[in-house]
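Dumped input.cif below, it's mmCIF, C-alpha atoms:
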data_input
loop_
_atom_site.label_atom_id
_atom_site.label_comp_id
_atom_site.auth_asym_id
_atom_site.auth_seq_id
_atom_site.Cartn_x
_atom_site.Cartn_y
_atom_site.Cartn_z
CA MET H 1 -49.41 -67.54 155.89
CA SER H 2 -52.67 -65.78 154.98
CA ASN H 3 -54.43 -66.72 151.77
CA GLU H 4 -56.22 -63.36 151.60
CA VAL H 5 -55.75 -61.44 148.37
CA GLN H 6 -53.92 -58.18 148.97
CA PRO H 7 -56.07 -55.19 147.94
CA THR H 8 -54.61 -53.19 145.07
CA ILE H 9 -54.42 -49.52 144.12
CA LEU H 10 -53.55 -48.81 140.49
CA VAL H 11 -51.82 -45.52 139.69
CA THR H 12 -51.14 -44.39 136.13
CA GLY H 13 -49.18 -41.55 134.54
CA PHE H 14 -48.90 -40.55 130.90
CA GLY H 15 -46.04 -40.78 128.44
CA PRO H 16 -44.60 -37.96 126.31
CA PHE H 17 -46.78 -35.73 124.13
CA GLN H 18 -46.51 -32.36 122.36
CA ASN H 19 -44.14 -30.11 124.34
CA HIS H 20 -44.05 -32.53 127.27
CA LYS H 21 -41.08 -34.60 126.13
CA ILE H 22 -40.71 -35.63 129.76
CA ASN H 23 -44.18 -36.00 131.23
CA ALA H 24 -44.37 -34.67 134.79
CA SER H 25 -47.18 -37.09 135.63
CA TRP H 26 -45.14 -40.23 134.99
CA GLU H 27 -42.00 -38.73 136.52
CA ALA H 28 -43.92 -38.34 139.80
CA VAL H 29 -45.83 -41.63 139.60
CA LYS H 30 -42.69 -43.71 139.17
CA LEU H 31 -41.38 -42.36 142.50
CA LEU H 32 -44.47 -43.55 144.38
CA PRO H 33 -43.67 -47.24 145.06
CA ASP H 34 -40.61 -46.37 147.15
CA LEU H 35 -42.38 -43.54 148.99
CA PHE H 36 -45.45 -45.70 149.58
CA SER H 37 -43.49 -48.60 151.02
CA LYS H 38 -41.67 -46.31 153.47
CA HIS H 39 -44.66 -44.26 154.62
CA GLU H 40 -45.42 -44.58 158.33
CA LYS H 41 -49.14 -45.04 157.62
CA SER H 42 -48.66 -47.31 154.61
CA PRO H 43 -51.66 -49.65 154.63
CA GLY H 44 -51.72 -53.25 153.47
CA PHE H 45 -52.32 -52.35 149.84
CA LYS H 46 -50.36 -53.43 146.81
CA LEU H 47 -49.38 -50.44 144.66
CA VAL H 48 -49.25 -51.01 140.90
CA ILE H 49 -48.04 -48.25 138.54
CA GLU H 50 -48.33 -48.01 134.77
CA GLU H 51 -47.23 -45.53 132.10
CA ILE H 52 -49.98 -44.99 129.52
CA PRO H 53 -49.31 -43.74 125.96
CA VAL H 54 -51.15 -40.56 124.94
CA ILE H 55 -53.24 -42.51 122.43
CA TYR H 56 -57.01 -42.83 122.70
CA LYS H 57 -57.31 -46.43 121.54
CA ASP H 58 -54.49 -47.51 123.86
CA VAL H 59 -56.23 -45.83 126.80
CA ALA H 60 -59.56 -47.53 126.10
CA GLN H 61 -57.90 -50.93 125.75
CA ARG H 62 -55.36 -50.65 128.57
CA VAL H 63 -57.84 -49.45 131.21
CA ARG H 64 -59.84 -52.64 130.78
CA GLU H 65 -56.76 -54.85 130.59
CA LEU H 66 -55.39 -53.43 133.83
CA TRP H 67 -58.75 -53.80 135.52
CA LYS H 68 -59.01 -57.45 134.53
CA GLU H 69 -55.39 -58.15 135.52
CA HIS H 70 -55.27 -56.44 138.91
CA LYS H 71 -58.92 -55.90 139.98
CA PRO H 72 -57.89 -52.75 141.89
CA LEU H 73 -60.17 -51.35 144.58
CA ILE H 74 -58.88 -47.88 143.71
CA ILE H 75 -57.64 -46.34 140.47
CA LEU H 76 -55.75 -43.05 140.56
CA HIS H 77 -54.95 -41.50 137.20
CA VAL H 78 -52.41 -38.69 136.99
CA GLY H 79 -51.82 -36.31 134.09
CA VAL H 80 -49.96 -33.06 133.50
CA SER H 81 -51.53 -29.67 132.82
CA HIS H 82 -49.49 -26.65 131.75
CA LEU H 83 -52.19 -24.49 133.38
CA ALA H 84 -51.96 -26.16 136.79
CA LYS H 85 -50.26 -24.27 139.61
CA CYS H 86 -50.96 -26.99 142.18
CA LEU H 87 -52.50 -30.46 142.25
CA GLU H 88 -55.90 -30.14 140.55
CA ILE H 89 -58.28 -32.87 141.65
CA GLU H 90 -60.91 -33.55 139.02
CA CYS H 91 -64.55 -34.16 139.95
CA GLN H 92 -65.95 -35.64 136.76
CA ALA H 93 -65.46 -36.80 133.19
CA CYS H 94 -67.63 -36.76 130.06
CA SER H 95 -68.19 -39.53 127.52
CA LYS H 96 -67.67 -37.48 124.33
CA GLY H 97 -66.27 -34.29 122.84
CA TYR H 98 -62.75 -35.62 122.31
CA ASN H 99 -61.80 -33.82 119.11
CA LYS H 100 -58.17 -32.99 119.93
CA PRO H 101 -55.91 -35.51 118.13
CA ASP H 102 -53.58 -37.71 120.15
CA ILE H 103 -49.90 -38.32 119.37
CA ILE H 104 -50.80 -40.48 116.34
CA GLN H 105 -53.26 -37.83 115.10
CA SER H 106 -56.28 -39.92 115.99
CA CYS H 107 -59.57 -39.17 117.79
CA PRO H 108 -62.25 -41.52 119.14
CA ILE H 109 -65.24 -42.38 116.97
CA GLU H 110 -68.21 -40.91 118.82
CA GLU H 111 -71.21 -41.29 116.49
CA ASP H 112 -72.87 -43.99 118.61
CA ILE H 113 -71.84 -42.65 122.01
CA MET H 114 -74.47 -41.06 124.22
CA GLU H 115 -73.27 -38.00 126.11
CA GLU H 116 -73.08 -38.51 129.85
CA THR H 117 -70.99 -37.20 132.72
CA LEU H 118 -69.70 -39.50 135.43
CA LYS H 119 -68.55 -38.23 138.82
CA THR H 120 -66.07 -39.67 141.28
CA GLU H 121 -67.38 -41.12 144.53
CA PHE H 122 -64.54 -39.58 146.53
CA ASP H 123 -65.06 -36.43 148.58
CA ILE H 124 -62.91 -33.96 146.60
CA GLN H 125 -63.22 -31.12 149.11
CA LYS H 126 -61.94 -33.37 151.89
CA ILE H 127 -59.01 -34.58 149.78
CA CYS H 128 -58.05 -30.99 148.96
CA ARG H 129 -58.20 -30.12 152.64
CA ILE H 130 -55.94 -33.05 153.57
CA VAL H 131 -53.36 -32.10 150.92
CA ASN H 132 -53.41 -28.44 151.93
CA GLU H 133 -53.08 -29.27 155.63
CA SER H 134 -49.97 -31.30 154.81
CA SER H 135 -48.47 -28.63 152.55
CA HIS H 136 -46.03 -27.51 155.24
CA LYS H 137 -44.38 -30.93 154.82
CA THR H 138 -44.83 -31.63 151.12
CA GLY H 139 -44.86 -28.13 149.61
CA CYS H 140 -47.95 -29.22 147.61
CA LYS H 141 -51.28 -27.44 147.48
CA ALA H 142 -54.49 -28.81 145.95
CA SER H 143 -57.64 -27.40 144.40
CA MET H 144 -60.85 -28.85 143.00
CA SER H 145 -61.64 -28.81 139.27
CA SER H 146 -64.72 -29.78 137.27
CA ASP H 147 -63.12 -29.48 133.82
CA ALA H 148 -60.55 -32.16 133.01
CA GLY H 149 -59.93 -30.82 129.50
CA ARG H 150 -61.57 -33.22 127.01
CA TYR H 151 -58.25 -34.77 126.06
CA LEU H 152 -56.53 -37.98 127.11
CA CYS H 153 -56.73 -37.07 130.80
CA GLU H 154 -60.49 -36.75 130.85
CA TYR H 155 -60.80 -39.69 128.46
CA ILE H 156 -58.96 -42.09 130.74
CA TYR H 157 -60.93 -40.78 133.71
CA TYR H 158 -64.24 -41.46 131.97
CA ASN H 159 -63.14 -44.93 130.86
CA SER H 160 -62.23 -45.92 134.41
CA LEU H 161 -65.33 -44.34 135.97
CA SER H 162 -67.43 -46.33 133.51
CA LEU H 163 -66.07 -49.58 134.98
CA LYS H 164 -68.35 -48.84 137.98
CA GLU H 165 -66.65 -51.23 140.42
CA PRO H 166 -63.39 -49.52 141.46
CA GLN H 167 -63.35 -46.11 143.09
CA VAL H 168 -61.60 -43.71 140.71
CA LEU H 169 -59.88 -40.34 140.95
CA PHE H 170 -57.94 -38.15 138.53
CA VAL H 171 -55.31 -35.57 139.50
CA HIS H 172 -53.74 -33.02 137.19
CA VAL H 173 -50.21 -32.05 138.21
CA PRO H 174 -48.15 -28.99 137.22
CA ASP H 175 -45.19 -28.90 134.88
CA LEU H 176 -41.77 -29.81 136.25
CA ASP H 177 -40.73 -26.17 136.41
CA THR H 178 -43.59 -25.48 138.86
CA TYR H 179 -43.34 -28.60 141.05
CA PRO H 180 -40.31 -30.90 140.88
CA SER H 181 -41.16 -34.59 140.65
CA ILE H 182 -40.48 -35.39 144.29
CA LYS H 183 -42.77 -32.60 145.50
CA THR H 184 -45.58 -33.80 143.23
CA ALA H 185 -45.01 -37.40 144.32
CA GLN H 186 -45.22 -36.44 147.98
CA GLY H 187 -48.51 -34.65 147.37
CA LEU H 188 -49.86 -37.64 145.46
CA LEU H 189 -48.75 -39.91 148.30
CA GLU H 190 -50.90 -37.94 150.75
CA ILE H 191 -53.86 -38.51 148.44
CA ILE H 192 -53.11 -42.22 148.07
CA ILE H 193 -52.83 -42.80 151.81
CA HIS H 194 -56.17 -41.10 152.34
CA LEU H 195 -57.84 -43.09 149.54
CA THR H 196 -56.60 -46.40 150.89
CA GLU H 197 -57.73 -45.49 154.40
CA CYS H 198 -61.22 -44.52 153.32
CA VAL H 199 -62.01 -47.10 150.64
CA PHE H 200 -63.69 -49.32 153.24
CA ASP H 201 -65.21 -46.34 155.09
CA VAL H 202 -68.43 -45.05 153.53
CA LYS H 203 -68.01 -41.76 155.42
CA CYS H 204 -65.07 -40.91 153.15
CA THR H 205 -67.12 -41.00 149.98
CA LYS H 206 -70.07 -39.01 148.76
CA LEU H 207 -73.48 -40.47 149.54
#
Could you show the structure in this file as structure tokens?
Amino acid sequence: MSNEVQPTILVTGFGPFQNHKINASWEAVKLLPDLFSKHEKSPGFKLVIEEIPVIYKDVAQRVRELWKEHKPLIILHVGVSHLAKCLEIECQACSKGYNKPDIIQSCPIEEDIMEETLKTEFDIQKICRIVNESSHKTGCKASMSSDAGRYLCEYIYYNSLSLKEPQVLFVHVPDLDTYPSIKTAQGLLEIIIHLTECVFDVKCTKL
């Protein structure tokens, strides 16, 4: 039996907030372990999923806890956007400007934070192309976005990008009345398979 540590991909979705009493991101994410295990190209990765509360301080703390616990090679965060009509793959996240209160009416303290923007290392255009080429099977389309909204979605993205070591991506998904959970999950699965295939291949990431 091999003593090698199985590489890990961490995927998170968000819990309820505002009008999203059932959050489409978590509804899709929780379907992924079964889909991942049955996929014909499923690589030798361990898939870990986590539901994150829509609370700034919980995000900041939990991102680091999950990193220390699992040491994932890849982190994929998923959140819902009522504006999304397809999977929106986010390019970047900013360190400050988070003035929209979370579900406990709190915002981060930003007085001592320097403004910076961090970008993902993944090739977003290629990921969109892969999702769109598979849309005849999944029903999912994808587009690129450079504005993650300065709320919990962008906040968690920035916190994970700031870890530096894992490769990180964020995907906004539509409401349940636009894409049912299984359709969103199948689109996310296409992204995950690609990410796990290319994490050891420098050609898959931006140089």
| note | The distance between CA of Trp26 in chain H and CA of Asp58 in chain H is 16.3 Å
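The spacing separating CA of Val80 in chain H from CA of Glu111 in chain H amounts to 28.4 Å.
In this structure, CA of Phe36 in chain H sits 26.2 Å away from CA of Ala148 in chain H.
Each of H:Leu195, H:Ile130, H:Val63, H:Ile103 was checked against Asn19 in chain H using all atoms listed in the file; the smallest atom-to-atom distance is that of H:Ile103.
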| task | Report the residues retrieved by the PyMOL selection byres ((chain H and resi 52-55) around 6) from the displayed file, expressed as a ChimeraX atom specification. | result | /H:14-15,51,56-58,102
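Neighbouring residues of range 116-128 of chain H at 8 Å or closer, counting all atoms listed in the file and skipping chain neighbours under 4 positions away, are H:Ile89, H:Glu90, H:Cys91, H:Gln92, H:Ala93, H:Cys94, H:Ser95, H:Lys96, H:Asn132, H:Lys141, H:Ala142, H:Ser143, H:Met144, H:Tyr158, H:Leu161, H:Ser162, H:Gln167, H:Val168, H:Leu169, H:Ile191, H:His194, H:Cys204, H:Thr205, H:Lys206, H:Leu207.
With all atoms listed in the file as the basis for measurement, H:Asn23 is the residue among H:Gln61, H:Thr196, H:Ser146, H:Asn23 that approaches Ser81 in chain H most closely.
On the file presented, the PyMOL selection byres ((chain H and resi 28) around 7) picks out Ala24, Ser25, Trp26, Glu27, Val29, Lys30, Leu31, Leu32, Ser181, Ile182, Thr184 and Ala185 of chain H.
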Would you save the residues of that selection, restricted to C-alpha atoms, as a PDB file, keeping the file's coordinate frame?
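Output below, filename again13.pdb:
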ATOM      1  CA  ALA H  24     -44.370 -34.670 134.790  1.00  0.00           C
ATOM      2  CA  SER H  25     -47.180 -37.090 135.630  1.00  0.00           C
ATOM      3  CA  TRP H  26     -45.140 -40.230 134.990  1.00  0.00           C
ATOM      4  CA  GLU H  27     -42.000 -38.730 136.520  1.00  0.00           C
ATOM      5  CA  VAL H  29     -45.830 -41.630 139.600  1.00  0.00           C
ATOM      6  CA  LYS H  30     -42.690 -43.710 139.170  1.00  0.00           C
ATOM      7  CA  LEU H  31     -41.380 -42.360 142.500  1.00  0.00           C
ATOM      8  CA  LEU H  32     -44.470 -43.550 144.380  1.00  0.00           C
ATOM      9  CA  SER H 181     -41.160 -34.590 140.650  1.00  0.00           C
ATOM     10  CA  ILE H 182     -40.480 -35.390 144.290  1.00  0.00           C
ATOM     11  CA  THR H 184     -45.580 -33.800 143.230  1.00  0.00           C
ATOM     12  CA  ALA H 185     -45.010 -37.400 144.320  1.00  0.00           C
TER      13      ALA H 185
END
| Need the neighbours of (-42.7, -47.1, 147.8): which residues are at most 12 Å away, counting all atoms listed in the file, as a PyMOL selection string? | chain H and resi 28-43+45-49+185-186+189+192-193
| message | When you count all atoms listed in the file, which of these residues is closest to Val59 in chain H: H:Asp147, H:Glu154, H:Glu88, H:Glu190? | response | H:Glu154
| request: Taking the file above as input, evaluate the PyMOL selection byres ((chain H and resi 83) around 12) and report the hits as a ChimeraX atom specification. | output: /H:79-82,84-88,145,148-149,172-175,177-178
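Remark: for Ile75 in chain H, the closest of the candidate residues H:Thr12, H:Asn99, H:Gln6, H:Thr138 is H:Thr12 (distances computed over only C-alpha atoms).
Residues lying within 7 Å of Tyr98 in chain H, counting all atoms listed in the file and ignoring same-chain neighbours fewer than 3 positions away, are Cys107, Pro108, Arg150 and Tyr151 of chain H.
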| query | Can you tell me, as number ranges by chain, what residues are no more than 9 Å from Leu66 in chain H when counting all atoms listed in the file, ignoring any on the same chain fewer than 6 positions away? | reply | H: 10, 50, 72
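Proximity to Lys183 in chain H was assessed for H:Gly44, H:Gly139, H:Pro16, H:Pro101 counting all atoms listed in the file; the smallest distance is recorded for H:Gly139.
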